[in-house]
$ cat final_20.cif   # mmCIF, C-alpha atoms
data_model
loop_
_atom_site.group_PDB
_atom_site.id
_atom_site.type_symbol
_atom_site.label_atom_id
_atom_site.label_comp_id
_atom_site.auth_asym_id
_atom_site.auth_seq_id
_atom_site.Cartn_x
_atom_site.Cartn_y
_atom_site.Cartn_z
ATOM 1 C CA PRO A 1 18.601 7.835 -8.511
ATOM 2 C CA ARG A 2 20.267 4.769 -9.890
ATOM 3 C CA PRO A 3 18.768 1.608 -8.349
ATOM 4 C CA ALA A 4 21.071 0.157 -5.696
ATOM 5 C CA ARG A 5 21.336 -3.631 -5.612
ATOM 6 C CA VAL A 6 21.972 -5.047 -2.190
ATOM 7 C CA ARG A 7 22.617 -8.561 -0.948
ATOM 8 C CA PHE A 8 21.083 -10.283 2.037
ATOM 9 C CA PRO A 9 21.699 -13.878 3.085
ATOM 10 C CA ARG A 10 18.605 -15.906 3.807
ATOM 11 C CA VAL A 11 18.653 -16.516 7.527
ATOM 12 C CA SER A 12 16.094 -17.256 10.203
ATOM 13 C CA LYS A 13 15.979 -14.913 13.185
ATOM 14 C CA ARG A 14 14.981 -16.559 16.407
ATOM 15 C CA VAL A 15 14.523 -14.310 19.387
ATOM 16 C CA ALA A 16 14.071 -15.561 22.932
ATOM 17 C CA LEU A 17 11.246 -13.155 23.623
ATOM 18 C CA LEU A 18 8.536 -13.549 20.998
ATOM 19 C CA VAL A 19 6.734 -10.249 21.038
ATOM 20 C CA THR A 20 5.063 -9.960 17.677
ATOM 21 C CA PHE A 21 2.544 -12.439 16.365
ATOM 22 C CA VAL A 22 0.907 -12.657 12.975
ATOM 23 C CA ALA A 23 -2.656 -13.863 12.628
ATOM 24 C CA ALA A 24 -2.297 -16.519 9.954
ATOM 25 C CA ALA A 25 -5.103 -17.333 7.536
ATOM 26 C CA ALA A 26 -7.890 -19.516 8.829
ATOM 27 C CA VAL A 27 -6.283 -22.899 8.414
ATOM 28 C CA THR A 28 -8.443 -25.094 10.603
ATOM 29 C CA SER A 29 -12.103 -25.806 10.405
ATOM 30 C CA ALA A 30 -14.491 -27.837 12.476
ATOM 31 C CA PHE A 31 -18.081 -28.851 12.052
ATOM 32 C CA GLY A 32 -20.437 -27.247 14.524
ATOM 33 C CA ALA A 33 -23.469 -28.668 16.146
ATOM 34 C CA HIS A 34 -25.563 -27.941 13.061
ATOM 35 C CA GLY A 35 -23.068 -29.335 10.578
ATOM 36 C CA GLY A 36 -21.732 -25.973 9.341
ATOM 37 C CA LYS A 37 -18.056 -25.118 8.985
ATOM 38 C CA GLN A 38 -16.518 -22.948 11.695
ATOM 39 C CA LEU A 39 -13.370 -21.095 10.649
ATOM 40 C CA SER A 40 -10.729 -20.273 13.204
ATOM 41 C CA TRP A 41 -7.470 -18.292 13.434
ATOM 42 C CA GLN A 42 -4.092 -19.305 14.784
ATOM 43 C CA LEU A 43 -1.447 -16.995 16.234
ATOM 44 C CA THR A 44 1.964 -17.829 14.831
ATOM 45 C CA PRO A 45 5.131 -16.495 16.528
ATOM 46 C CA THR A 46 7.398 -14.737 14.042
ATOM 47 C CA GLY A 47 10.510 -14.226 16.153
ATOM 48 C CA SER A 48 10.444 -10.506 15.330
ATOM 49 C CA GLN A 49 10.086 -7.476 17.576
ATOM 50 C CA ALA A 50 8.872 -5.288 14.720
ATOM 51 C CA ARG A 51 5.384 -3.827 14.488
ATOM 52 C CA LEU A 52 4.004 -5.596 11.453
ATOM 53 C CA ARG A 53 1.683 -3.565 9.216
ATOM 54 C CA GLY A 54 1.642 -5.218 5.794
ATOM 55 C CA VAL A 55 0.753 -8.799 4.858
ATOM 56 C CA SER A 56 0.431 -10.550 1.496
ATOM 57 C CA ALA A 57 -0.630 -14.202 1.305
ATOM 58 C CA ILE A 58 0.266 -16.114 -1.862
ATOM 59 C CA SER A 59 -1.096 -19.548 -1.038
ATOM 60 C CA ALA A 60 -2.076 -21.703 1.907
ATOM 61 C CA ARG A 61 1.604 -22.155 2.727
ATOM 62 C CA VAL A 62 3.408 -18.975 1.543
ATOM 63 C CA ALA A 63 2.909 -15.471 2.940
ATOM 64 C CA TRP A 64 4.951 -12.289 3.349
ATOM 65 C CA ALA A 65 4.713 -9.607 6.057
ATOM 66 C CA SER A 66 6.392 -6.221 6.568
ATOM 67 C CA GLY A 67 6.679 -3.530 9.199
ATOM 68 C CA SER A 68 8.932 -1.322 11.282
ATOM 69 C CA LEU A 69 12.701 -1.665 11.750
ATOM 70 C CA GLY A 70 13.115 -2.433 8.038
ATOM 71 C CA THR A 71 11.429 -5.773 8.593
ATOM 72 C CA VAL A 72 10.232 -8.183 5.915
ATOM 73 C CA LEU A 73 9.222 -11.710 6.923
ATOM 74 C CA ARG A 74 8.391 -14.733 4.799
ATOM 75 C CA THR A 75 6.892 -18.138 5.605
ATOM 76 C CA THR A 76 6.703 -21.201 3.386
ATOM 77 C CA ASP A 77 5.114 -23.602 5.884
ATOM 78 C CA ARG A 78 1.740 -22.043 6.678
ATOM 79 C CA GLY A 79 3.207 -19.705 9.323
ATOM 80 C CA ARG A 80 4.896 -22.317 11.480
ATOM 81 C CA THR A 81 8.264 -20.620 10.952
ATOM 82 C CA TRP A 82 9.249 -17.232 9.541
ATOM 83 C CA GLN A 83 12.467 -16.014 7.928
ATOM 84 C CA SER A 84 13.678 -12.419 8.104
ATOM 85 C CA VAL A 85 14.418 -11.400 4.501
ATOM 86 C CA GLY A 86 14.342 -7.591 4.554
ATOM 87 C CA PRO A 87 16.855 -5.367 2.749
ATOM 88 C CA PRO A 88 19.997 -4.731 4.831
ATOM 89 C CA GLY A 89 20.701 -1.212 6.055
ATOM 90 C CA THR A 90 17.008 -0.272 6.318
ATOM 91 C CA ALA A 91 16.429 -0.515 10.074
ATOM 92 C CA ALA A 92 15.239 3.109 10.162
ATOM 93 C CA LEU A 93 12.499 2.462 7.588
ATOM 94 C CA GLN A 94 8.888 1.409 8.074
ATOM 95 C CA PHE A 95 7.664 -0.958 5.392
ATOM 96 C CA ARG A 96 3.937 -0.325 5.653
ATOM 97 C CA ASP A 97 2.965 -2.055 2.398
ATOM 98 C CA ILE A 98 4.010 -5.309 0.754
ATOM 99 C CA GLU A 99 2.670 -6.732 -2.497
ATOM 100 C CA ALA A 100 3.816 -10.281 -3.252
ATOM 101 C CA PHE A 101 3.257 -11.898 -6.653
ATOM 102 C CA ASP A 102 4.446 -15.445 -5.961
ATOM 103 C CA ASP A 103 6.852 -17.364 -3.752
ATOM 104 C CA ASP A 104 9.876 -15.371 -4.982
ATOM 105 C CA HIS A 105 8.691 -11.974 -6.262
ATOM 106 C CA ALA A 106 7.525 -9.086 -4.075
ATOM 107 C CA ALA A 107 7.571 -5.296 -3.782
ATOM 108 C CA ILE A 108 7.692 -3.299 -0.544
ATOM 109 C CA LEU A 109 7.006 0.364 0.160
ATOM 110 C CA SER A 110 8.413 2.372 3.044
ATOM 111 C CA ILE A 111 6.632 5.492 4.218
ATOM 112 C CA GLY A 112 7.940 8.842 5.413
ATOM 113 C CA ASN A 113 8.990 12.322 4.418
ATOM 114 C CA GLY A 114 11.399 12.863 1.559
ATOM 115 C CA GLY A 115 13.807 10.006 0.943
ATOM 116 C CA ASP A 116 12.200 7.735 3.536
ATOM 117 C CA SER A 117 9.491 6.968 0.971
ATOM 118 C CA ARG A 118 11.001 4.160 -1.110
ATOM 119 C CA VAL A 119 10.172 1.034 -3.082
ATOM 120 C CA TYR A 120 12.264 -2.134 -3.160
ATOM 121 C CA VAL A 121 11.669 -5.270 -5.230
ATOM 122 C CA THR A 122 13.003 -8.829 -5.004
ATOM 123 C CA ASP A 123 12.873 -11.703 -7.473
ATOM 124 C CA ASP A 124 14.607 -14.343 -5.358
ATOM 125 C CA ALA A 125 12.508 -14.608 -2.190
ATOM 126 C CA GLY A 126 14.275 -11.733 -0.449
ATOM 127 C CA GLN A 127 17.865 -12.898 -0.862
ATOM 128 C CA HIS A 128 18.537 -9.713 -2.839
ATOM 129 C CA TRP A 129 16.594 -6.454 -3.120
ATOM 130 C CA THR A 130 16.769 -3.653 -5.655
ATOM 131 C CA GLN A 131 15.842 -0.127 -4.564
ATOM 132 C CA THR A 132 13.758 1.075 -7.504
ATOM 133 C CA PHE A 133 12.222 4.295 -6.216
ATOM 134 C CA THR A 134 13.336 6.983 -3.785
ATOM 135 C CA ASN A 135 11.160 10.034 -3.271
ATOM 136 C CA ASP A 136 13.101 13.204 -4.050
ATOM 137 C CA ASP A 137 10.278 15.678 -3.322
ATOM 138 C CA PRO A 138 10.337 16.953 0.280
ATOM 139 C CA ASN A 139 6.619 17.708 0.039
ATOM 140 C CA ALA A 140 5.636 14.149 -0.888
ATOM 141 C CA PHE A 141 4.817 11.389 1.586
ATOM 142 C CA TYR A 142 3.966 8.017 0.060
ATOM 143 C CA ASP A 143 1.376 5.974 1.932
ATOM 144 C CA CYS A 144 0.560 2.799 0.031
ATOM 145 C CA MET A 145 0.543 0.981 -3.285
ATOM 146 C CA THR A 146 -1.531 -1.507 -5.267
ATOM 147 C CA PHE A 147 -0.981 -3.712 -8.295
ATOM 148 C CA PHE A 148 -3.464 -4.536 -11.033
ATOM 149 C CA ASP A 149 -1.348 -7.493 -12.129
ATOM 150 C CA ARG A 150 2.288 -8.602 -11.924
ATOM 151 C CA LYS A 151 3.464 -5.668 -14.032
ATOM 152 C CA ARG A 152 1.186 -2.665 -13.578
ATOM 153 C CA GLY A 153 0.782 -0.885 -10.258
ATOM 154 C CA LEU A 154 0.320 2.469 -8.518
ATOM 155 C CA ALA A 155 1.606 4.177 -5.382
ATOM 156 C CA LEU A 156 -0.083 7.085 -3.615
ATOM 157 C CA SER A 157 1.386 10.186 -1.954
ATOM 158 C CA ASP A 158 -0.333 12.753 0.229
ATOM 159 C CA PRO A 159 -1.148 15.995 -1.608
ATOM 160 C CA VAL A 160 1.666 17.841 -3.357
ATOM 161 C CA GLY A 161 0.738 21.259 -4.689
ATOM 162 C CA GLY A 162 -2.874 20.790 -3.627
ATOM 163 C CA LYS A 163 -3.468 17.390 -5.253
ATOM 164 C CA PHE A 164 -2.790 13.763 -4.366
ATOM 165 C CA ARG A 165 0.160 12.402 -6.319
ATOM 166 C CA ILE A 166 0.161 9.042 -8.095
ATOM 167 C CA ILE A 167 3.216 7.229 -9.439
ATOM 168 C CA ALA A 168 2.867 4.231 -11.741
ATOM 169 C CA THR A 169 4.912 1.212 -12.796
ATOM 170 C CA ALA A 170 4.495 -1.029 -15.822
ATOM 171 C CA ASP A 171 7.358 -3.433 -15.085
ATOM 172 C CA GLY A 172 6.553 -4.955 -11.722
ATOM 173 C CA GLY A 173 7.879 -2.050 -9.658
ATOM 174 C CA ARG A 174 11.307 -1.839 -11.271
ATOM 175 C CA SER A 175 10.708 1.721 -12.494
ATOM 176 C CA TRP A 176 8.194 4.423 -11.545
ATOM 177 C CA SER A 177 6.953 7.685 -13.022
ATOM 178 C CA VAL A 178 4.575 10.414 -11.849
ATOM 179 C CA VAL A 179 1.129 10.215 -13.450
ATOM 180 C CA ASN A 180 0.201 13.642 -14.794
ATOM 181 C CA GLY A 181 -3.470 12.817 -15.255
ATOM 182 C CA GLN A 182 -6.683 14.365 -14.027
ATOM 183 C CA MET A 183 -6.856 14.511 -10.220
ATOM 184 C CA PRO A 184 -9.485 16.483 -8.246
ATOM 185 C CA PRO A 185 -8.059 19.044 -5.790
ATOM 186 C CA ALA A 186 -7.528 17.992 -2.204
ATOM 187 C CA ILE A 187 -9.413 19.797 0.534
ATOM 188 C CA ASP A 188 -7.664 21.512 3.443
ATOM 189 C CA GLY A 189 -6.031 19.039 5.798
ATOM 190 C CA GLU A 190 -6.843 15.995 3.645
ATOM 191 C CA PHE A 191 -4.427 13.079 3.566
ATOM 192 C CA ALA A 192 -4.304 9.309 3.088
ATOM 193 C CA PHE A 193 -3.512 6.802 5.825
ATOM 194 C CA ALA A 194 -0.218 4.923 5.854
ATOM 195 C CA ALA A 195 -1.334 2.471 8.514
ATOM 196 C CA SER A 196 -1.285 -0.843 6.667
ATOM 197 C CA GLY A 197 -0.940 -0.267 2.949
ATOM 198 C CA GLN A 198 -4.654 -0.605 2.297
ATOM 199 C CA CYS A 199 -5.632 3.007 1.598
ATOM 200 C CA LEU A 200 -5.121 2.328 -2.141
ATOM 201 C CA VAL A 201 -6.711 -0.806 -3.627
ATOM 202 C CA SER A 202 -7.603 -2.172 -7.064
ATOM 203 C CA ASP A 203 -9.906 -4.777 -8.583
ATOM 204 C CA HIS A 204 -6.990 -6.312 -10.533
ATOM 205 C CA GLY A 205 -8.597 -5.024 -13.705
ATOM 206 C CA LYS A 206 -8.638 -1.298 -14.458
ATOM 207 C CA ARG A 207 -10.347 0.212 -11.415
ATOM 208 C CA ALA A 208 -8.621 1.613 -8.337
ATOM 209 C CA TRP A 209 -9.809 3.444 -5.218
ATOM 210 C CA PHE A 210 -8.195 5.329 -2.361
ATOM 211 C CA ALA A 211 -9.750 6.696 0.812
ATOM 212 C CA THR A 212 -8.826 9.870 2.692
ATOM 213 C CA GLY A 213 -9.369 11.637 5.983
ATOM 214 C CA GLY A 214 -8.118 14.616 7.947
ATOM 215 C CA GLY A 215 -10.239 17.193 6.113
ATOM 216 C CA ALA A 216 -13.776 18.376 6.715
ATOM 217 C CA GLN A 217 -15.055 15.237 4.936
ATOM 218 C CA ALA A 218 -13.762 11.717 4.464
ATOM 219 C CA ARG A 219 -13.711 11.030 0.737
ATOM 220 C CA VAL A 220 -13.158 8.172 -1.719
ATOM 221 C CA PHE A 221 -11.329 8.672 -5.030
ATOM 222 C CA ARG A 222 -11.948 6.304 -7.944
ATOM 223 C CA SER A 223 -10.150 5.633 -11.222
ATOM 224 C CA ASP A 224 -11.485 3.484 -14.072
ATOM 225 C CA ASP A 225 -8.350 3.695 -16.230
ATOM 226 C CA ARG A 226 -5.546 2.397 -14.015
ATOM 227 C CA GLY A 227 -4.865 5.726 -12.349
ATOM 228 C CA GLN A 228 -4.766 8.039 -15.349
ATOM 229 C CA SER A 229 -7.824 10.017 -14.226
ATOM 230 C CA TRP A 230 -9.785 10.201 -10.993
ATOM 231 C CA GLU A 231 -13.162 11.291 -9.652
ATOM 232 C CA VAL A 232 -14.043 11.783 -6.008
ATOM 233 C CA SER A 233 -17.104 11.261 -3.803
ATOM 234 C CA ALA A 234 -17.782 12.441 -0.272
ATOM 235 C CA THR A 235 -18.795 9.775 2.219
ATOM 236 C CA PRO A 236 -21.977 10.148 4.318
#

$ encode --input "final_20.cif" --output "structure tokens"
Amino acid sequence: PRPARVRFPRVSKRVALLVTFVAAAAVTSAFGAHGGKQLSWQLTPTGSQARLRGVSAISARVAWASGSLGTVLRTTDRGRTWQSVGPPGTAALQFRDIEAFDDDHAAILSIGNGGDSRVYVTDDAGQHWTQTFTNDDPNAFYDCMTFFDRKRGLALSDPVGGKFRIIATADGGRSWSVVNGQMPPAIDGEFAFAASGQCLVSDHGKRAWFATGGGAQARVFRSDDRGQSWEVSATP
């Protein structure tokens, strides 16, 4: 489908009842009795009632988070305050994965059957989003994505026709195509996990891995050529 460009004003949502908290990066340290550094975590109220699943930290001060209710949050002050910058009209979607490249550029993936699996990208800190991928296969269910660099990335679907499906981008998520490479068959009941966008990861070079469950064995798939071909190993 033709990408739909949508507008969203940058606003800060403040809710009286702060339900959801994000564990910010360890920003304080103290010296213990033996002179070693002790790292600690701080809970930072986001002002959102969404269930947050994805997080992408860019620096000590900038981070993005995503989750249910079409929610995307962004902080530029080390988590002290958060702005709601998600695409409008997406309250029914669950953004389980977010990959941010810098303060302004990010891609988000929503999970679900059929057209609920989507990708959106922004290049202005979430003021505007472009919908760049909508799943049109009722048998596909996209779980997660990873990027090797700012341009090249992959997204993973549960098995379609007996094999896991990979789509790839070479332009920062603005366009996607199905990879018709070598993929080992899935076993009965096997699927990936769409919990927090971490079932598919890369080394930011050429290698990528994804982990599965649901079948008789939990397995790990590996690619050494940016997703063009895969091999699989059973876990102990």

$ resolve_selection --input "final_20.cif" --expression "the PyMOL selection byres ((chain A and resi 52-65) around 10)" --output "NGL selection string"
:A and (20-27 or 46 or 48-51 or 66-69 or 71-80 or 82-86 or 94-104 or 106 or 108-109 or 125 or 144 or 194-198)

$ atom_distance --input "final_20.cif" --atom1 "atom CA of A:Ile167" --atom2 "atom CA of A:Gln182"
13.0 Å

$ closest_residue --input "final_20.cif" --among "A:Asn180, A:Thr134, A:Asn113, A:Ser223" --to "A:Leu200" --atoms "only C-alpha atoms"
A:Ser223

$ resolve_selection --input "final_20.cif" --expression "the PyMOL selection byres ((chain A and resi 177) around 9)" --output "PyMOL selection string"
chain A and resi 166-169+175-176+178-179

$ resolve_selection --input "final_20.cif" --expression "the PyMOL selection byres ((chain A and resi 149) around 10)" --output "list in words"
Phe101, Thr146, Phe147, Phe148, Arg150, Lys151, Arg152, Gly153, Ala170, Gly172, Ser202, Asp203, His204, Gly205 and Lys206 of chain A

$ closest_residue --input "final_20.cif" --among "A:Tyr120, A:Asp224, A:Lys163, A:Asp171" --to "A:Gly189" --atoms "only C-alpha atoms"
A:Lys163

$ residues_around --input "final_20.cif" --residues "A:Val160" --least-positions-apart "4" --cutoff "9 Å" --atoms "all atoms listed in the file" --output "list in words"
Asp137, Asn139, Ala140, Phe141, Phe164 and Arg165 of chain A

$ residues_near_point --input "final_20.cif" --point "(-8.2, 6.2, -0.1)" --cutoff "7 Å" --atoms "only C-alpha atoms" --output "list in words"
Ala192, Cys199, Leu200, Trp209, Phe210, Ala211, Thr212, Val220 and Phe221 of chain A

$ atom_distance --input "final_20.cif" --atom1 "atom CA of A:Ala218" --atom2 "atom CA of A:Gly115"
27.8 Å

$ decode --input "final_20.cif" --residues "stretch 34-64 of chain A" --atoms "N, CA and C atoms" --output "PDB file, in the first residue's frame"
ATOM      1  N   HIS A  34      34.620  -0.749  49.561  1.00  0.00           N
ATOM      2  CA  HIS A  34      35.907  -1.198  49.041  1.00  0.00           C
ATOM      3  C   HIS A  34      36.364  -0.361  47.857  1.00  0.00           C
ATOM      4  N   GLY A  35      35.735   0.772  47.628  1.00  0.00           N
ATOM      5  CA  GLY A  35      36.177   1.676  46.591  1.00  0.00           C
ATOM      6  C   GLY A  35      35.682   1.361  45.201  1.00  0.00           C
ATOM      7  N   GLY A  36      34.836   0.337  45.021  1.00  0.00           N
ATOM      8  CA  GLY A  36      34.330  -0.016  43.702  1.00  0.00           C
ATOM      9  C   GLY A  36      33.050   0.733  43.382  1.00  0.00           C
ATOM     10  N   LYS A  37      32.783   0.906  42.075  1.00  0.00           N
ATOM     11  CA  LYS A  37      31.565   1.602  41.676  1.00  0.00           C
ATOM     12  C   LYS A  37      30.352   0.708  41.849  1.00  0.00           C
ATOM     13  N   GLN A  38      29.275   1.268  42.362  1.00  0.00           N
ATOM     14  CA  GLN A  38      28.001   0.567  42.483  1.00  0.00           C
ATOM     15  C   GLN A  38      26.986   1.271  41.588  1.00  0.00           C
ATOM     16  N   LEU A  39      26.493   0.568  40.585  1.00  0.00           N
ATOM     17  CA  LEU A  39      25.505   1.149  39.679  1.00  0.00           C
ATOM     18  C   LEU A  39      24.119   0.985  40.261  1.00  0.00           C
ATOM     19  N   SER A  40      23.260   1.922  39.970  1.00  0.00           N
ATOM     20  CA  SER A  40      21.897   1.862  40.484  1.00  0.00           C
ATOM     21  C   SER A  40      20.922   2.248  39.378  1.00  0.00           C
ATOM     22  N   TRP A  41      19.652   1.983  39.599  1.00  0.00           N
ATOM     23  CA  TRP A  41      18.571   2.281  38.650  1.00  0.00           C
ATOM     24  C   TRP A  41      17.605   3.258  39.292  1.00  0.00           C
ATOM     25  N   GLN A  42      16.992   4.077  38.451  1.00  0.00           N
ATOM     26  CA  GLN A  42      15.970   5.007  38.912  1.00  0.00           C
ATOM     27  C   GLN A  42      14.683   4.766  38.146  1.00  0.00           C
ATOM     28  N   LEU A  43      13.560   4.755  38.838  1.00  0.00           N
ATOM     29  CA  LEU A  43      12.255   4.669  38.194  1.00  0.00           C
ATOM     30  C   LEU A  43      11.807   6.078  37.808  1.00  0.00           C
ATOM     31  N   THR A  44      11.433   6.231  36.554  1.00  0.00           N
ATOM     32  CA  THR A  44      11.039   7.554  36.075  1.00  0.00           C
ATOM     33  C   THR A  44       9.591   7.513  35.591  1.00  0.00           C
ATOM     34  N   PRO A  45       8.687   8.274  36.201  1.00  0.00           N
ATOM     35  CA  PRO A  45       7.288   8.276  35.760  1.00  0.00           C
ATOM     36  C   PRO A  45       7.155   8.827  34.355  1.00  0.00           C
ATOM     37  N   THR A  46       6.383   8.134  33.528  1.00  0.00           N
ATOM     38  CA  THR A  46       6.229   8.539  32.124  1.00  0.00           C
ATOM     39  C   THR A  46       4.948   9.314  31.868  1.00  0.00           C
ATOM     40  N   GLY A  47       3.970   9.198  32.765  1.00  0.00           N
ATOM     41  CA  GLY A  47       2.681   9.829  32.506  1.00  0.00           C
ATOM     42  C   GLY A  47       1.818   9.027  31.564  1.00  0.00           C
ATOM     43  N   SER A  48       2.172   7.781  31.288  1.00  0.00           N
ATOM     44  CA  SER A  48       1.415   6.956  30.348  1.00  0.00           C
ATOM     45  C   SER A  48       0.819   5.754  31.065  1.00  0.00           C
ATOM     46  N   GLN A  49      -0.348   5.332  30.600  1.00  0.00           N
ATOM     47  CA  GLN A  49      -0.986   4.133  31.136  1.00  0.00           C
ATOM     48  C   GLN A  49      -0.737   2.913  30.253  1.00  0.00           C
ATOM     49  N   ALA A  50       0.081   3.072  29.242  1.00  0.00           N
ATOM     50  CA  ALA A  50       0.372   1.965  28.329  1.00  0.00           C
ATOM     51  C   ALA A  50       1.291   0.947  28.998  1.00  0.00           C
ATOM     52  N   ARG A  51       1.267  -0.263  28.468  1.00  0.00           N
ATOM     53  CA  ARG A  51       2.231  -1.293  28.862  1.00  0.00           C
ATOM     54  C   ARG A  51       3.407  -1.183  27.906  1.00  0.00           C
ATOM     55  N   LEU A  52       4.516  -0.686  28.406  1.00  0.00           N
ATOM     56  CA  LEU A  52       5.671  -0.442  27.562  1.00  0.00           C
ATOM     57  C   LEU A  52       6.455  -1.725  27.347  1.00  0.00           C
ATOM     58  N   ARG A  53       6.822  -1.999  26.096  1.00  0.00           N
ATOM     59  CA  ARG A  53       7.537  -3.229  25.753  1.00  0.00           C
ATOM     60  C   ARG A  53       8.866  -2.971  25.071  1.00  0.00           C
ATOM     61  N   GLY A  54       8.978  -1.893  24.309  1.00  0.00           N
ATOM     62  CA  GLY A  54      10.201  -1.609  23.580  1.00  0.00           C
ATOM     63  C   GLY A  54      10.913  -0.394  24.155  1.00  0.00           C
ATOM     64  N   VAL A  55      12.239  -0.406  24.131  1.00  0.00           N
ATOM     65  CA  VAL A  55      13.018   0.749  24.576  1.00  0.00           C
ATOM     66  C   VAL A  55      14.283   0.826  23.734  1.00  0.00           C
ATOM     67  N   SER A  56      14.688   2.047  23.388  1.00  0.00           N
ATOM     68  CA  SER A  56      15.892   2.266  22.597  1.00  0.00           C
ATOM     69  C   SER A  56      16.558   3.529  23.109  1.00  0.00           C
ATOM     70  N   ALA A  57      17.717   3.370  23.738  1.00  0.00           N
ATOM     71  CA  ALA A  57      18.458   4.499  24.308  1.00  0.00           C
ATOM     72  C   ALA A  57      19.500   4.976  23.308  1.00  0.00           C
ATOM     73  N   ILE A  58      19.538   6.275  23.057  1.00  0.00           N
ATOM     74  CA  ILE A  58      20.456   6.869  22.098  1.00  0.00           C
ATOM     75  C   ILE A  58      21.684   7.442  22.779  1.00  0.00           C
ATOM     76  N   SER A  59      21.491   8.018  23.943  1.00  0.00           N
ATOM     77  CA  SER A  59      22.579   8.642  24.682  1.00  0.00           C
ATOM     78  C   SER A  59      22.187   8.674  26.150  1.00  0.00           C
ATOM     79  N   ALA A  60      22.994   9.331  26.950  1.00  0.00           N
ATOM     80  CA  ALA A  60      22.682   9.432  28.375  1.00  0.00           C
ATOM     81  C   ALA A  60      21.444  10.273  28.630  1.00  0.00           C
ATOM     82  N   ARG A  61      21.048  11.080  27.638  1.00  0.00           N
ATOM     83  CA  ARG A  61      19.893  11.956  27.855  1.00  0.00           C
ATOM     84  C   ARG A  61      18.682  11.617  26.990  1.00  0.00           C
ATOM     85  N   VAL A  62      18.879  10.934  25.842  1.00  0.00           N
ATOM     86  CA  VAL A  62      17.779  10.689  24.907  1.00  0.00           C
ATOM     87  C   VAL A  62      17.456   9.202  24.838  1.00  0.00           C
ATOM     88  N   ALA A  63      16.178   8.874  24.986  1.00  0.00           N
ATOM     89  CA  ALA A  63      15.713   7.494  24.850  1.00  0.00           C
ATOM     90  C   ALA A  63      14.284   7.509  24.322  1.00  0.00           C
ATOM     91  N   TRP A  64      13.915   6.407  23.667  1.00  0.00           N
ATOM     92  CA  TRP A  64      12.568   6.209  23.140  1.00  0.00           C
ATOM     93  C   TRP A  64      12.001   4.947  23.766  1.00  0.00           C
TER      94      TRP A  64
END
